[in-house]
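data-v2.cif (mmCIF, N, CA and C atoms; chains and numbers go by the auth columns) appears below.
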```cif
data_target
loop_
_atom_site.group_PDB
_atom_site.id
_atom_site.type_symbol
_atom_site.label_atom_id
_atom_site.label_comp_id
_atom_site.label_asym_id
_atom_site.label_seq_id
_atom_site.Cartn_x
_atom_site.Cartn_y
_atom_site.Cartn_z
_atom_site.B_iso_or_equiv
_atom_site.auth_seq_id
_atom_site.auth_asym_id
ATOM 1 N N MET A 1 0.829 -1.186 0.000 0.00 1 D
ATOM 2 C CA MET A 1 0.000 0.000 0.000 0.00 1 D
ATOM 3 C C MET A 1 0.867 1.240 0.000 0.00 1 D
ATOM 4 N N SER A 2 0.373 2.239 -0.628 0.00 2 D
ATOM 5 C CA SER A 2 1.104 3.490 -0.717 0.00 2 D
ATOM 6 C C SER A 2 0.547 4.512 0.254 0.00 2 D
ATOM 7 N N ASP A 3 1.426 5.337 0.799 0.00 3 D
ATOM 8 C CA ASP A 3 1.005 6.429 1.675 0.00 3 D
ATOM 9 C C ASP A 3 0.939 7.734 0.903 0.00 3 D
ATOM 10 N N ALA A 4 0.701 7.658 -0.384 0.00 4 D
ATOM 11 C CA ALA A 4 0.691 8.850 -1.234 0.00 4 D
ATOM 12 C C ALA A 4 -0.459 9.769 -0.851 0.00 4 D
ATOM 13 N N LYS A 5 -0.174 11.045 -0.871 0.00 5 D
ATOM 14 C CA LYS A 5 -1.183 12.064 -0.583 0.00 5 D
ATOM 15 C C LYS A 5 -1.570 12.711 -1.911 0.00 5 D
ATOM 16 N N PRO A 6 -2.771 13.279 -1.978 0.00 6 D
ATOM 17 C CA PRO A 6 -3.162 13.928 -3.224 0.00 6 D
ATOM 18 C C PRO A 6 -2.198 15.059 -3.562 0.00 6 D
ATOM 19 N N VAL A 7 -1.928 15.213 -4.829 0.00 7 D
ATOM 20 C CA VAL A 7 -1.015 16.252 -5.282 0.00 7 D
ATOM 21 C C VAL A 7 -1.651 17.628 -5.087 0.00 7 D
ATOM 22 N N PHE A 8 -2.938 17.720 -5.347 0.00 8 D
ATOM 23 C CA PHE A 8 -3.650 18.984 -5.216 0.00 8 D
ATOM 24 C C PHE A 8 -4.755 18.837 -4.174 0.00 8 D
ATOM 25 N N PRO A 9 -4.482 19.199 -2.934 0.00 9 D
ATOM 26 C CA PRO A 9 -5.528 19.086 -1.914 0.00 9 D
ATOM 27 C C PRO A 9 -6.673 20.049 -2.219 0.00 9 D
ATOM 28 N N SER A 10 -7.834 19.733 -1.735 0.00 10 D
ATOM 29 C CA SER A 10 -9.017 20.547 -1.973 0.00 10 D
ATOM 30 C C SER A 10 -8.838 21.948 -1.396 0.00 10 D
ATOM 31 N N PRO A 11 -9.222 22.974 -2.156 0.00 11 D
ATOM 32 C CA PRO A 11 -9.127 24.336 -1.649 0.00 11 D
ATOM 33 C C PRO A 11 -10.297 24.703 -0.741 0.00 11 D
ATOM 34 N N PHE A 12 -11.260 23.812 -0.603 0.00 12 D
ATOM 35 C CA PHE A 12 -12.453 24.100 0.182 0.00 12 D
ATOM 36 C C PHE A 12 -12.267 23.650 1.624 0.00 12 D
ATOM 37 N N PRO A 13 -12.722 24.448 2.572 0.00 13 D
ATOM 38 C CA PRO A 13 -12.555 24.077 3.971 0.00 13 D
ATOM 39 C C PRO A 13 -13.362 22.830 4.307 0.00 13 D
ATOM 40 N N ALA A 14 -12.770 21.974 5.111 0.00 14 D
ATOM 41 C CA ALA A 14 -13.435 20.736 5.499 0.00 14 D
ATOM 42 C C ALA A 14 -13.905 20.785 6.942 0.00 14 D
ATOM 43 N N ALA A 15 -13.683 21.889 7.606 0.00 15 D
ATOM 44 C CA ALA A 15 -14.050 21.999 9.012 0.00 15 D
ATOM 45 C C ALA A 15 -15.565 21.968 9.168 0.00 15 D
ATOM 46 N N PRO A 16 -16.066 21.285 10.204 0.00 16 D
ATOM 47 C CA PRO A 16 -17.517 21.220 10.418 0.00 16 D
ATOM 48 C C PRO A 16 -18.152 22.597 10.557 0.00 16 D
ATOM 49 N N ALA A 17 -17.455 23.551 11.148 0.00 17 D
ATOM 50 C CA ALA A 17 -18.013 24.890 11.314 0.00 17 D
ATOM 51 C C ALA A 17 -18.272 25.546 9.968 0.00 17 D
ATOM 52 N N ALA A 18 -17.418 25.316 9.010 0.00 18 D
ATOM 53 C CA ALA A 18 -17.595 25.901 7.689 0.00 18 D
ATOM 54 C C ALA A 18 -18.820 25.314 6.995 0.00 18 D
ATOM 55 N N ARG A 19 -19.057 24.037 7.169 0.00 19 D
ATOM 56 C CA ARG A 19 -20.220 23.408 6.554 0.00 19 D
ATOM 57 C C ARG A 19 -21.500 23.797 7.266 0.00 19 D
ATOM 58 N N ALA A 20 -21.456 23.997 8.569 0.00 20 D
ATOM 59 C CA ALA A 20 -22.646 24.277 9.349 0.00 20 D
ATOM 60 C C ALA A 20 -23.116 25.719 9.185 0.00 20 D
ATOM 61 N N ALA A 21 -22.247 26.622 8.801 0.00 21 D
ATOM 62 C CA ALA A 21 -22.592 28.036 8.704 0.00 21 D
ATOM 63 C C ALA A 21 -23.175 28.349 7.330 0.00 21 D
ATOM 64 N N ALA A 22 -24.347 27.803 7.052 0.00 22 D
ATOM 65 C CA ALA A 22 -24.999 28.049 5.765 0.00 22 D
ATOM 66 C C ALA A 22 -25.489 29.489 5.708 0.00 22 D
ATOM 67 N N ILE A 23 -25.342 30.101 4.551 0.00 23 D
ATOM 68 C CA ILE A 23 -25.764 31.484 4.354 0.00 23 D
ATOM 69 C C ILE A 23 -27.088 31.477 3.594 0.00 23 D
ATOM 70 N N GLU A 24 -28.044 32.225 4.109 0.00 24 D
ATOM 71 C CA GLU A 24 -29.330 32.345 3.435 0.00 24 D
ATOM 72 C C GLU A 24 -29.120 33.061 2.102 0.00 24 D
ATOM 73 N N THR A 25 -29.777 32.562 1.079 0.00 25 D
ATOM 74 C CA THR A 25 -29.636 33.143 -0.251 0.00 25 D
ATOM 75 C C THR A 25 -30.986 33.149 -0.964 0.00 25 D
ATOM 76 N N PRO A 26 -31.237 34.164 -1.772 0.00 26 D
ATOM 77 C CA PRO A 26 -32.475 34.195 -2.547 0.00 26 D
ATOM 78 C C PRO A 26 -32.356 33.473 -3.885 0.00 26 D
ATOM 79 N N CYS A 27 -31.216 32.884 -4.160 0.00 27 D
ATOM 80 C CA CYS A 27 -30.976 32.231 -5.445 0.00 27 D
ATOM 81 C C CYS A 27 -32.004 31.139 -5.700 0.00 27 D
ATOM 82 N N VAL A 28 -32.591 31.149 -6.901 0.00 28 D
ATOM 83 C CA VAL A 28 -33.563 30.132 -7.295 0.00 28 D
ATOM 84 C C VAL A 28 -33.038 29.298 -8.464 0.00 28 D
ATOM 85 N N LYS A 29 -31.722 29.390 -8.704 0.00 29 D
ATOM 86 C CA LYS A 29 -31.038 28.620 -9.751 0.00 29 D
ATOM 87 C C LYS A 29 -31.547 28.953 -11.149 0.00 29 D
ATOM 88 N N LEU A 30 -31.979 30.198 -11.328 0.00 30 D
ATOM 89 C CA LEU A 30 -32.384 30.715 -12.631 0.00 30 D
ATOM 90 C C LEU A 30 -31.531 31.957 -12.868 0.00 30 D
ATOM 91 N N CYS A 31 -30.284 31.732 -13.195 0.00 31 D
ATOM 92 C CA CYS A 31 -29.304 32.810 -13.284 0.00 31 D
ATOM 93 C C CYS A 31 -29.261 33.374 -14.703 0.00 31 D
ATOM 94 N N GLN A 32 -29.979 34.464 -14.869 0.00 32 D
ATOM 95 C CA GLN A 32 -30.011 35.154 -16.158 0.00 32 D
ATOM 96 C C GLN A 32 -30.102 36.641 -15.856 0.00 32 D
ATOM 97 N N VAL A 33 -29.119 37.401 -16.298 0.00 33 D
ATOM 98 C CA VAL A 33 -29.092 38.831 -16.007 0.00 33 D
ATOM 99 C C VAL A 33 -29.727 39.601 -17.152 0.00 33 D
ATOM 100 N N ASP A 34 -30.685 40.434 -16.797 0.00 34 D
ATOM 101 C CA ASP A 34 -31.325 41.310 -17.768 0.00 34 D
ATOM 102 C C ASP A 34 -30.323 42.389 -18.156 0.00 34 D
ATOM 103 N N PRO A 35 -29.990 42.532 -19.439 0.00 35 D
ATOM 104 C CA PRO A 35 -28.945 43.475 -19.839 0.00 35 D
ATOM 105 C C PRO A 35 -29.316 44.944 -19.623 0.00 35 D
ATOM 106 N N LEU A 36 -30.585 45.268 -19.596 0.00 36 D
ATOM 107 C CA LEU A 36 -30.990 46.668 -19.421 0.00 36 D
ATOM 108 C C LEU A 36 -30.931 47.115 -17.967 0.00 36 D
ATOM 109 N N SER A 37 -31.300 46.249 -17.052 0.00 37 D
ATOM 110 C CA SER A 37 -31.339 46.632 -15.633 0.00 37 D
ATOM 111 C C SER A 37 -30.157 46.086 -14.838 0.00 37 D
ATOM 112 N N SER A 38 -29.455 45.111 -15.391 0.00 38 D
ATOM 113 C CA SER A 38 -28.359 44.402 -14.697 0.00 38 D
ATOM 114 C C SER A 38 -28.843 43.636 -13.476 0.00 38 D
ATOM 115 N N LEU A 39 -30.109 43.250 -13.471 0.00 39 D
ATOM 116 C CA LEU A 39 -30.668 42.448 -12.381 0.00 39 D
ATOM 117 C C LEU A 39 -30.840 41.008 -12.840 0.00 39 D
ATOM 118 N N CYS A 40 -30.607 40.083 -11.926 0.00 40 D
ATOM 119 C CA CYS A 40 -30.866 38.675 -12.210 0.00 40 D
ATOM 120 C C CYS A 40 -32.377 38.468 -12.281 0.00 40 D
ATOM 121 N N VAL A 41 -32.835 37.842 -13.342 0.00 41 D
ATOM 122 C CA VAL A 41 -34.252 37.586 -13.535 0.00 41 D
ATOM 123 C C VAL A 41 -34.775 36.581 -12.505 0.00 41 D
ATOM 124 N N GLY A 42 -33.907 35.726 -12.010 0.00 42 D
ATOM 125 C CA GLY A 42 -34.330 34.719 -11.034 0.00 42 D
ATOM 126 C C GLY A 42 -34.498 35.269 -9.629 0.00 42 D
ATOM 127 N N CYS A 43 -33.515 36.028 -9.157 0.00 43 D
ATOM 128 C CA CYS A 43 -33.546 36.460 -7.750 0.00 43 D
ATOM 129 C C CYS A 43 -33.676 37.963 -7.563 0.00 43 D
ATOM 130 N N GLY A 44 -33.340 38.752 -8.578 0.00 44 D
ATOM 131 C CA GLY A 44 -33.466 40.194 -8.469 0.00 44 D
ATOM 132 C C GLY A 44 -32.227 40.917 -7.976 0.00 44 D
ATOM 133 N N ARG A 45 -31.155 40.180 -7.717 0.00 45 D
ATOM 134 C CA ARG A 45 -29.931 40.828 -7.247 0.00 45 D
ATOM 135 C C ARG A 45 -29.124 41.362 -8.425 0.00 45 D
ATOM 136 N N THR A 46 -28.272 42.357 -8.142 0.00 46 D
ATOM 137 C CA THR A 46 -27.337 42.845 -9.143 0.00 46 D
ATOM 138 C C THR A 46 -26.166 41.866 -9.223 0.00 46 D
ATOM 139 N N THR A 47 -25.390 41.979 -10.280 0.00 47 D
ATOM 140 C CA THR A 47 -24.223 41.100 -10.390 0.00 47 D
ATOM 141 C C THR A 47 -23.221 41.387 -9.270 0.00 47 D
ATOM 142 N N GLN A 48 -23.135 42.644 -8.841 0.00 48 D
ATOM 143 C CA GLN A 48 -22.239 42.986 -7.733 0.00 48 D
ATOM 144 C C GLN A 48 -22.714 42.347 -6.428 0.00 48 D
ATOM 145 N N GLU A 49 -24.017 42.346 -6.207 0.00 49 D
ATOM 146 C CA GLU A 49 -24.560 41.717 -4.995 0.00 49 D
ATOM 147 C C GLU A 49 -24.350 40.207 -5.025 0.00 49 D
ATOM 148 N N ILE A 50 -24.538 39.619 -6.187 0.00 50 D
ATOM 149 C CA ILE A 50 -24.329 38.167 -6.304 0.00 50 D
ATOM 150 C C ILE A 50 -22.870 37.831 -6.009 0.00 50 D
ATOM 151 N N GLY A 51 -21.957 38.573 -6.614 0.00 51 D
ATOM 152 C CA GLY A 51 -20.531 38.313 -6.425 0.00 51 D
ATOM 153 C C GLY A 51 -20.056 38.559 -5.005 0.00 51 D
ATOM 154 N N GLY A 52 -20.646 39.514 -4.327 0.00 52 D
ATOM 155 C CA GLY A 52 -20.208 39.848 -2.976 0.00 52 D
ATOM 156 C C GLY A 52 -21.067 39.268 -1.882 0.00 52 D
ATOM 157 N N TRP A 53 -22.015 38.416 -2.226 0.00 53 D
ATOM 158 C CA TRP A 53 -22.991 37.895 -1.277 0.00 53 D
ATOM 159 C C TRP A 53 -22.339 37.258 -0.053 0.00 53 D
ATOM 160 N N ILE A 54 -21.371 36.416 -0.270 0.00 54 D
ATOM 161 C CA ILE A 54 -20.767 35.676 0.837 0.00 54 D
ATOM 162 C C ILE A 54 -20.002 36.598 1.790 0.00 54 D
ATOM 163 N N SER A 55 -19.522 37.726 1.301 0.00 55 D
ATOM 164 C CA SER A 55 -18.754 38.625 2.163 0.00 55 D
ATOM 165 C C SER A 55 -19.626 39.696 2.826 0.00 55 D
ATOM 166 N N MET A 56 -20.897 39.764 2.466 0.00 56 D
ATOM 167 C CA MET A 56 -21.803 40.743 3.088 0.00 56 D
ATOM 168 C C MET A 56 -22.139 40.323 4.514 0.00 56 D
ATOM 169 N N SER A 57 -22.427 41.297 5.327 0.00 57 D
ATOM 170 C CA SER A 57 -22.881 41.000 6.696 0.00 57 D
ATOM 171 C C SER A 57 -24.298 40.442 6.620 0.00 57 D
ATOM 172 N N PRO A 58 -24.709 39.685 7.622 0.00 58 D
ATOM 173 C CA PRO A 58 -26.088 39.182 7.630 0.00 58 D
ATOM 174 C C PRO A 58 -27.118 40.313 7.540 0.00 58 D
ATOM 175 N N ALA A 59 -26.832 41.448 8.177 0.00 59 D
ATOM 176 C CA ALA A 59 -27.767 42.582 8.125 0.00 59 D
ATOM 177 C C ALA A 59 -27.874 43.128 6.702 0.00 59 D
ATOM 178 N N ARG A 60 -26.755 43.228 6.010 0.00 60 D
ATOM 179 C CA ARG A 60 -26.767 43.734 4.629 0.00 60 D
ATOM 180 C C ARG A 60 -27.499 42.762 3.713 0.00 60 D
ATOM 181 N N ARG A 61 -27.258 41.458 3.883 0.00 61 D
ATOM 182 C CA ARG A 61 -27.974 40.460 3.069 0.00 61 D
ATOM 183 C C ARG A 61 -29.475 40.556 3.308 0.00 61 D
ATOM 184 N N SER A 62 -29.884 40.725 4.553 0.00 62 D
ATOM 185 C CA SER A 62 -31.318 40.859 4.874 0.00 62 D
ATOM 186 C C SER A 62 -31.913 42.100 4.225 0.00 62 D
ATOM 187 N N ALA A 63 -31.155 43.200 4.239 0.00 63 D
ATOM 188 C CA ALA A 63 -31.633 44.433 3.624 0.00 63 D
ATOM 189 C C ALA A 63 -31.820 44.257 2.122 0.00 63 D
ATOM 190 N N VAL A 64 -30.876 43.594 1.479 0.00 64 D
ATOM 191 C CA VAL A 64 -30.989 43.338 0.039 0.00 64 D
ATOM 192 C C VAL A 64 -32.189 42.438 -0.222 0.00 64 D
ATOM 193 N N MET A 65 -32.336 41.383 0.564 0.00 65 D
ATOM 194 C CA MET A 65 -33.438 40.439 0.355 0.00 65 D
ATOM 195 C C MET A 65 -34.796 41.123 0.510 0.00 65 D
ATOM 196 N N ALA A 66 -34.878 42.118 1.385 0.00 66 D
ATOM 197 C CA ALA A 66 -36.139 42.837 1.573 0.00 66 D
ATOM 198 C C ALA A 66 -36.502 43.643 0.324 0.00 66 D
ATOM 199 N N GLN A 67 -35.521 44.030 -0.462 0.00 67 D
ATOM 200 C CA GLN A 67 -35.749 44.823 -1.674 0.00 67 D
ATOM 201 C C GLN A 67 -36.104 43.976 -2.892 0.00 67 D
ATOM 202 N N LEU A 68 -35.810 42.694 -2.855 0.00 68 D
ATOM 203 C CA LEU A 68 -35.918 41.855 -4.052 0.00 68 D
ATOM 204 C C LEU A 68 -37.330 41.730 -4.621 0.00 68 D
ATOM 205 N N PRO A 69 -38.372 41.532 -3.805 0.00 69 D
ATOM 206 C CA PRO A 69 -39.705 41.421 -4.423 0.00 69 D
ATOM 207 C C PRO A 69 -40.094 42.661 -5.235 0.00 69 D
ATOM 208 N N GLU A 70 -39.790 43.840 -4.710 0.00 70 D
ATOM 209 C CA GLU A 70 -40.104 45.069 -5.432 0.00 70 D
ATOM 210 C C GLU A 70 -39.272 45.189 -6.711 0.00 70 D
ATOM 211 N N ARG A 71 -38.001 44.836 -6.619 0.00 71 D
ATOM 212 C CA ARG A 71 -37.140 44.880 -7.813 0.00 71 D
ATOM 213 C C ARG A 71 -37.669 43.974 -8.906 0.00 71 D
ATOM 214 N N LEU A 72 -38.033 42.751 -8.522 0.00 72 D
ATOM 215 C CA LEU A 72 -38.524 41.796 -9.520 0.00 72 D
ATOM 216 C C LEU A 72 -39.846 42.250 -10.116 0.00 72 D
ATOM 217 N N GLN A 73 -40.709 42.851 -9.294 0.00 73 D
ATOM 218 C CA GLN A 73 -41.979 43.359 -9.797 0.00 73 D
ATOM 219 C C GLN A 73 -41.750 44.481 -10.812 0.00 73 D
ATOM 220 N N ARG A 74 -40.845 45.415 -10.491 0.00 74 D
ATOM 221 C CA ARG A 74 -40.527 46.505 -11.421 0.00 74 D
ATOM 222 C C ARG A 74 -39.912 45.961 -12.711 0.00 74 D
ATOM 223 N N LEU A 75 -39.020 44.975 -12.568 0.00 75 D
ATOM 224 C CA LEU A 75 -38.382 44.378 -13.742 0.00 75 D
ATOM 225 C C LEU A 75 -39.418 43.681 -14.619 0.00 75 D
ATOM 226 N N ARG A 76 -40.332 42.964 -14.003 0.00 76 D
ATOM 227 C CA ARG A 76 -41.365 42.260 -14.762 0.00 76 D
ATOM 228 C C ARG A 76 -42.261 43.249 -15.515 0.00 76 D
ATOM 229 N N GLN A 77 -42.540 44.390 -14.899 0.00 77 D
ATOM 230 C CA GLN A 77 -43.395 45.391 -15.552 0.00 77 D
ATOM 231 C C GLN A 77 -42.671 46.114 -16.679 0.00 77 D
ATOM 232 N N SER A 78 -41.406 46.440 -16.455 0.00 78 D
ATOM 233 C CA SER A 78 -40.685 47.222 -17.455 0.00 78 D
ATOM 234 C C SER A 78 -40.042 46.377 -18.554 0.00 78 D
ATOM 235 N N HIS A 79 -39.730 45.121 -18.255 0.00 79 D
ATOM 236 C CA HIS A 79 -39.079 44.238 -19.235 0.00 79 D
ATOM 237 C C HIS A 79 -39.716 42.838 -19.194 0.00 79 D
ATOM 238 N N PRO A 80 -40.989 42.726 -19.557 0.00 80 D
ATOM 239 C CA PRO A 80 -41.654 41.413 -19.492 0.00 80 D
ATOM 240 C C PRO A 80 -40.991 40.377 -20.383 0.00 80 D
ATOM 241 N N GLU A 81 -40.314 40.828 -21.424 0.00 81 D
ATOM 242 C CA GLU A 81 -39.644 39.885 -22.341 0.00 81 D
ATOM 243 C C GLU A 81 -38.505 39.135 -21.675 0.00 81 D
ATOM 244 N N ALA A 82 -38.035 39.627 -20.539 0.00 82 D
ATOM 245 C CA ALA A 82 -36.929 38.966 -19.830 0.00 82 D
ATOM 246 C C ALA A 82 -37.412 37.707 -19.104 0.00 82 D
ATOM 247 N N PHE A 83 -38.729 37.574 -18.960 0.00 83 D
ATOM 248 C CA PHE A 83 -39.278 36.434 -18.217 0.00 83 D
ATOM 249 C C PHE A 83 -39.872 35.422 -19.184 0.00 83 D
ATOM 250 N N ALA A 84 -39.649 34.165 -18.878 0.00 84 D
ATOM 251 C CA ALA A 84 -40.103 33.087 -19.759 0.00 84 D
ATOM 252 C C ALA A 84 -41.616 32.883 -19.712 0.00 84 D
ATOM 253 N N ASP A 85 -42.219 33.173 -18.562 0.00 85 D
ATOM 254 C CA ASP A 85 -43.655 32.897 -18.439 0.00 85 D
ATOM 255 C C ASP A 85 -44.401 34.068 -18.951 0.00 85 D
#
```
Starting from the file, lay out its structure as structure tokens.
Amino acid sequence: MSDAKPVFPSPFPAAPAARAAAIETPCVKLCQVDPLSSLCVGCGRTTQEIGGWISMSPARRSAVMAQLPERLQRLRQSHPEAFAD
């Protein structure tokens, strides 16, 4: 038997605390950005918010999430072609 170790260890943390600290997200796995508004058609976040989501404070994430229903409603009214239904 060999005691060989993987050449490229996983870059992802394996600590139980890292796995247990799930971050709430509005993502609905429908990632399509409307080019006119720069909002995701699925969740209503901007690309900057999506990219920085994990580094935002819980309070900031909650504030963004509170804005999403209104954003999506405005997007649906102004750009109905962006939605499949």
Name the residues that the PyMOL selection byres (((chain D and resi 55-67 and name CA) around 10) and name CA) pulls out of this structure, and write them as a PDB file with N, CA and C atoms, in the frame of the given file.
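Saved as result_34.pdb:
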```pdb
ATOM      1  N   ILE D  23     -25.342  30.101   4.551  1.00  0.00           N
ATOM      2  CA  ILE D  23     -25.764  31.484   4.354  1.00  0.00           C
ATOM      3  C   ILE D  23     -27.088  31.477   3.594  1.00  0.00           C
ATOM      4  N   GLU D  24     -28.044  32.225   4.109  1.00  0.00           N
ATOM      5  CA  GLU D  24     -29.330  32.345   3.435  1.00  0.00           C
ATOM      6  C   GLU D  24     -29.120  33.061   2.102  1.00  0.00           C
ATOM      7  N   THR D  25     -29.777  32.562   1.079  1.00  0.00           N
ATOM      8  CA  THR D  25     -29.636  33.143  -0.251  1.00  0.00           C
ATOM      9  C   THR D  25     -30.986  33.149  -0.964  1.00  0.00           C
ATOM     10  N   PRO D  26     -31.237  34.164  -1.772  1.00  0.00           N
ATOM     11  CA  PRO D  26     -32.475  34.195  -2.547  1.00  0.00           C
ATOM     12  C   PRO D  26     -32.356  33.473  -3.885  1.00  0.00           C
ATOM     13  N   CYS D  43     -33.515  36.028  -9.157  1.00  0.00           N
ATOM     14  CA  CYS D  43     -33.546  36.460  -7.750  1.00  0.00           C
ATOM     15  C   CYS D  43     -33.676  37.963  -7.563  1.00  0.00           C
ATOM     16  N   GLY D  44     -33.340  38.752  -8.578  1.00  0.00           N
ATOM     17  CA  GLY D  44     -33.466  40.194  -8.469  1.00  0.00           C
ATOM     18  C   GLY D  44     -32.227  40.917  -7.976  1.00  0.00           C
ATOM     19  N   ARG D  45     -31.155  40.180  -7.717  1.00  0.00           N
ATOM     20  CA  ARG D  45     -29.931  40.828  -7.247  1.00  0.00           C
ATOM     21  C   ARG D  45     -29.124  41.362  -8.425  1.00  0.00           C
ATOM     22  N   THR D  46     -28.272  42.357  -8.142  1.00  0.00           N
ATOM     23  CA  THR D  46     -27.337  42.845  -9.143  1.00  0.00           C
ATOM     24  C   THR D  46     -26.166  41.866  -9.223  1.00  0.00           C
ATOM     25  N   GLU D  49     -24.017  42.346  -6.207  1.00  0.00           N
ATOM     26  CA  GLU D  49     -24.560  41.717  -4.995  1.00  0.00           C
ATOM     27  C   GLU D  49     -24.350  40.207  -5.025  1.00  0.00           C
ATOM     28  N   GLY D  51     -21.957  38.573  -6.614  1.00  0.00           N
ATOM     29  CA  GLY D  51     -20.531  38.313  -6.425  1.00  0.00           C
ATOM     30  C   GLY D  51     -20.056  38.559  -5.005  1.00  0.00           C
ATOM     31  N   GLY D  52     -20.646  39.514  -4.327  1.00  0.00           N
ATOM     32  CA  GLY D  52     -20.208  39.848  -2.976  1.00  0.00           C
ATOM     33  C   GLY D  52     -21.067  39.268  -1.882  1.00  0.00           C
ATOM     34  N   TRP D  53     -22.015  38.416  -2.226  1.00  0.00           N
ATOM     35  CA  TRP D  53     -22.991  37.895  -1.277  1.00  0.00           C
ATOM     36  C   TRP D  53     -22.339  37.258  -0.053  1.00  0.00           C
ATOM     37  N   ILE D  54     -21.371  36.416  -0.270  1.00  0.00           N
ATOM     38  CA  ILE D  54     -20.767  35.676   0.837  1.00  0.00           C
ATOM     39  C   ILE D  54     -20.002  36.598   1.790  1.00  0.00           C
ATOM     40  N   LEU D  68     -35.810  42.694  -2.855  1.00  0.00           N
ATOM     41  CA  LEU D  68     -35.918  41.855  -4.052  1.00  0.00           C
ATOM     42  C   LEU D  68     -37.330  41.730  -4.621  1.00  0.00           C
ATOM     43  N   PRO D  69     -38.372  41.532  -3.805  1.00  0.00           N
ATOM     44  CA  PRO D  69     -39.705  41.421  -4.423  1.00  0.00           C
ATOM     45  C   PRO D  69     -40.094  42.661  -5.235  1.00  0.00           C
ATOM     46  N   GLU D  70     -39.790  43.840  -4.710  1.00  0.00           N
ATOM     47  CA  GLU D  70     -40.104  45.069  -5.432  1.00  0.00           C
ATOM     48  C   GLU D  70     -39.272  45.189  -6.711  1.00  0.00           C
ATOM     49  N   ARG D  71     -38.001  44.836  -6.619  1.00  0.00           N
ATOM     50  CA  ARG D  71     -37.140  44.880  -7.813  1.00  0.00           C
ATOM     51  C   ARG D  71     -37.669  43.974  -8.906  1.00  0.00           C
ATOM     52  N   LEU D  72     -38.033  42.751  -8.522  1.00  0.00           N
ATOM     53  CA  LEU D  72     -38.524  41.796  -9.520  1.00  0.00           C
ATOM     54  C   LEU D  72     -39.846  42.250 -10.116  1.00  0.00           C
TER      55      LEU D  72
END
```
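One distance worth recording is that between atom C of Gly42 of chain D and atom C of Ser78 of chain D, which is 15.3 Å.
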So what do you get for atom CA of Gln73 of chain D versus atom C of Ala22 of chain D, distance-wise? 26.5 Å
Using Å and a single decimal, report how far atom CA of Leu30 of chain D sits from atom CA of Ala82 of chain D. 11.9 Å
Excluding Thr47 of chain D and any residue of its chain fewer than 5 positions from it, enumerate the residues within 8 Å of it, using only C-alpha atoms, and give them as an NGL selection string. :D and (33 or 38-40)
Six-sided padding of 3 Å per side, axis-aligned box over segment 46-62 of chain D, centre and edges in Å, one decimal, as JSON:
```
{"center_x": -25.3, "center_y": 39.7, "center_z": -1.1, "size_x": 19.2, "size_y": 14.1, "size_z": 24.6}
```
Report as a list in words the full result of the PyMOL selection byres (((chain D and resi 84 and name CA) around 12) and name CA) when it is applied to this structure.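 Applying the expression gives Leu30, Gln32, Val41, Gly42, Arg76, His79, Pro80, Glu81, Ala82, Phe83 and Asp85 of chain D.
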Missing atoms in segment 31-40 of chain D: can you complete it with N, CA, C and O atoms, as an mmCIF file, keeping the file's coordinate frame?
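And here's part-v4.cif as it stands now:
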```
data_model
loop_
_atom_site.group_PDB
_atom_site.id
_atom_site.type_symbol
_atom_site.label_atom_id
_atom_site.label_comp_id
_atom_site.auth_asym_id
_atom_site.auth_seq_id
_atom_site.Cartn_x
_atom_site.Cartn_y
_atom_site.Cartn_z
ATOM 1 N N CYS D 31 -30.284 31.732 -13.195
ATOM 2 C CA CYS D 31 -29.304 32.810 -13.284
ATOM 3 C C CYS D 31 -29.261 33.374 -14.703
ATOM 4 O O CYS D 31 -28.627 32.816 -15.583
ATOM 5 N N GLN D 32 -29.979 34.464 -14.869
ATOM 6 C CA GLN D 32 -30.011 35.154 -16.158
ATOM 7 C C GLN D 32 -30.102 36.641 -15.856
ATOM 8 O O GLN D 32 -31.055 37.091 -15.225
ATOM 9 N N VAL D 33 -29.119 37.401 -16.298
ATOM 10 C CA VAL D 33 -29.092 38.831 -16.007
ATOM 11 C C VAL D 33 -29.727 39.601 -17.152
ATOM 12 O O VAL D 33 -29.372 39.434 -18.313
ATOM 13 N N ASP D 34 -30.685 40.434 -16.797
ATOM 14 C CA ASP D 34 -31.325 41.310 -17.768
ATOM 15 C C ASP D 34 -30.323 42.389 -18.156
ATOM 16 O O ASP D 34 -29.820 43.101 -17.281
ATOM 17 N N PRO D 35 -29.990 42.532 -19.439
ATOM 18 C CA PRO D 35 -28.945 43.475 -19.839
ATOM 19 C C PRO D 35 -29.316 44.944 -19.623
ATOM 20 O O PRO D 35 -28.440 45.783 -19.455
ATOM 21 N N LEU D 36 -30.585 45.268 -19.596
ATOM 22 C CA LEU D 36 -30.990 46.668 -19.421
ATOM 23 C C LEU D 36 -30.931 47.115 -17.967
ATOM 24 O O LEU D 36 -30.571 48.246 -17.676
ATOM 25 N N SER D 37 -31.300 46.249 -17.052
ATOM 26 C CA SER D 37 -31.339 46.632 -15.633
ATOM 27 C C SER D 37 -30.157 46.086 -14.838
ATOM 28 O O SER D 37 -29.930 46.516 -13.715
ATOM 29 N N SER D 38 -29.455 45.111 -15.391
ATOM 30 C CA SER D 38 -28.359 44.402 -14.697
ATOM 31 C C SER D 38 -28.843 43.636 -13.476
ATOM 32 O O SER D 38 -28.078 43.392 -12.545
ATOM 33 N N LEU D 39 -30.109 43.250 -13.471
ATOM 34 C CA LEU D 39 -30.668 42.448 -12.381
ATOM 35 C C LEU D 39 -30.840 41.008 -12.840
ATOM 36 O O LEU D 39 -31.205 40.752 -13.990
ATOM 37 N N CYS D 40 -30.607 40.083 -11.926
ATOM 38 C CA CYS D 40 -30.866 38.675 -12.210
ATOM 39 C C CYS D 40 -32.377 38.468 -12.281
ATOM 40 O O CYS D 40 -33.109 38.874 -11.377
#
```
